[in-house]
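Engineer: Let me begin by handing over the structure; questions about it come next.
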Amino acid sequence: GEEVVVRMLGAGEVSRPGETDSSGRKIWYQMCRWVDQVDRSGTDWVGVRHYRSVQSWSIGDPEPTVPGGVPCLRLEVRGLSFMLHQIRHMIGAAVAVARGVMAEDLLEASLAVPSRMTVPRAPPHTLLLSSSTFPPFRVQGGATEAAVTKYSGERLSLREGGQAAMQDFRVQALNPELNTLLMHPDWDRFSLMLPRYHWPEEAAAEVRAGMVGWRVAKEEAARRRLEKQQAAEAAAAAAAAQVT
């Protein structure tokens, strides 16, 4: 699972000449569009290879990583795999929504397949791979269990001694270093720059409208799949009744 520690307090942005916010800072316009017809030529194709399965997401209560350290939120996400910068974008977008920079429904729309949007990217310094799990060993040749099962169990994993050593390393070395990284100036820079992110209203409205239609289409497709499954089950039950 990936773990990220976020201090309490992106790619694709474009600054248009002469456009500033109320504080006189340049506005960073983000990519924000809806693709009605997916381009399958290979230049703009979001497919299965881009999908990632997030199995769980948890967040702890605010507390420092070491006594007297910087207060922080410890977030943990578990998944089968992650794309480059995925977790940093997830954190950056969540912070943007929490601070009112980005609308929550726009963030939801950014996850849809036809959506093409950029979101803020949080600093990398406190993101770490905290643990890994592996699938069971393959059983081959008609055996009832894998040959290595008697040595390491049904899957590769740290034994009790390794788990204890890993926890000691976390407490003695990792947590103090995380506390230091929470004070990295990039966090202040990220906080300062976040209000400059902007999604054009006209483009955002188009994405929201596309999201409504896309959600309806998904629900309709799910309904048809369910009806087909129920019909197949009913046909199977009827055939079984005739046989008996």
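Letters A, B, ... go to the chains of the structure tokens in the order shown; residues in each chain start at 1; ligands are counted from 1 in the same order.
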Run DSSP on the backbone and grab whatever in stretch 42-218 of chain A lands in strand (DSSP E); send it over as a PyMOL selection string.
Structural biologist: chain A and resi 54-59+72-79+115-117+127-129+197-198
Engineer: Show me a table, sorted first by chain and then by increasing residue number, of the residues of stretch 106-174 of chain A having an atom at most 8 Å from stretch 203-222 of chain A, each with its shortest atom pair and the distance in Å to one decimal, counting only C-alpha atoms and written as CSV.
Structural biologist:
```
residue,atom,partner,partner_atom,distance
A:Leu106,CA,A:Arg208,CA,6.9
A:Ala109,CA,A:Met211,CA,6.0
A:Ala112,CA,A:Met211,CA,7.4
A:Ser115,CA,A:Val207,CA,7.0
```
Engineer: Using only C-alpha atoms, determine which residues lie at most 7 Å from A:Ile59, disregarding the query and same-chain residues fewer than 6 positions distant; provide the list as a ChimeraX atom specification.
Structural biologist: /A:73-76
Engineer: Suppose you want the space between atom CA of A:Ser56 and atom CA of A:Gly69; what is it in Å?
Structural biologist: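 Between atom CA of A:Ser56 and atom CA of A:Gly69 the gap is 27.4 Å.
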Engineer: Please determine, counting only C-alpha atoms, which residue among A:Ala231, A:Leu174, A:Leu156, A:Leu111 has the shortest atom-to-atom distance to A:Phe134.
Structural biologist: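 For A:Phe134, the nearest of the candidates is A:Leu156.
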Engineer: For A:Ser157, please output as an MDAnalysis selection string all residues within 9 Å (counting only C-alpha atoms; exclusion window: fewer than 5 positions along the same chain).
Structural biologist: chainID A and resid 132:134 152
Engineer: Running DSSP on the backbone, which parts of stretch 2-210 of chain A land in helix (DSSP H, G or I), as number ranges by chain?
Structural biologist: A: 48-50, 86-98, 104-110, 149-152, 160-181, 185-196, 201-210
Engineer: One decimal, in Å: what's the spacing between atom CA of A:Phe137 and atom CA of A:Ser58?
Structural biologist: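 Going from atom CA of A:Phe137 over to atom CA of A:Ser58, I get 28.4 Å.
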Engineer: From the options A:His125, A:Gln86, A:Trp57, A:Met31, which residue's atoms come nearest to A:His184, counting only C-alpha atoms?
Structural biologist: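 Nearest candidate to A:His184 out of A:His125, A:Gln86, A:Trp57, A:Met31: A:His125.
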Engineer: Write out as an NGL selection string each polymer residue whose atoms come within 9 Å of A:Leu178, counting only C-alpha atoms; drop sequence neighbours fewer than 6 positions from it.
Structural biologist: :A and (5 or 65-66 or 125-126)
Engineer: Calculate how many Å separate atom CA of A:Trp28 from atom CA of A:His198, rounding to one decimal.
Structural biologist: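 A separation of 5.8 Å between them.
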Engineer: Which one is closest to A:Pro71: A:Ala232, A:Arg116, A:Pro185, A:Asn179? Count only C-alpha atoms.
Structural biologist: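 So, comparing all the options, the nearest one is A:Asn179.
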Engineer: With distances taken over only C-alpha atoms, which of A:Val119, A:Ser130, A:Arg88, A:Asp36 is nearest to A:Met166?
Structural biologist: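 For A:Met166, the nearest of the candidates is A:Ser130.
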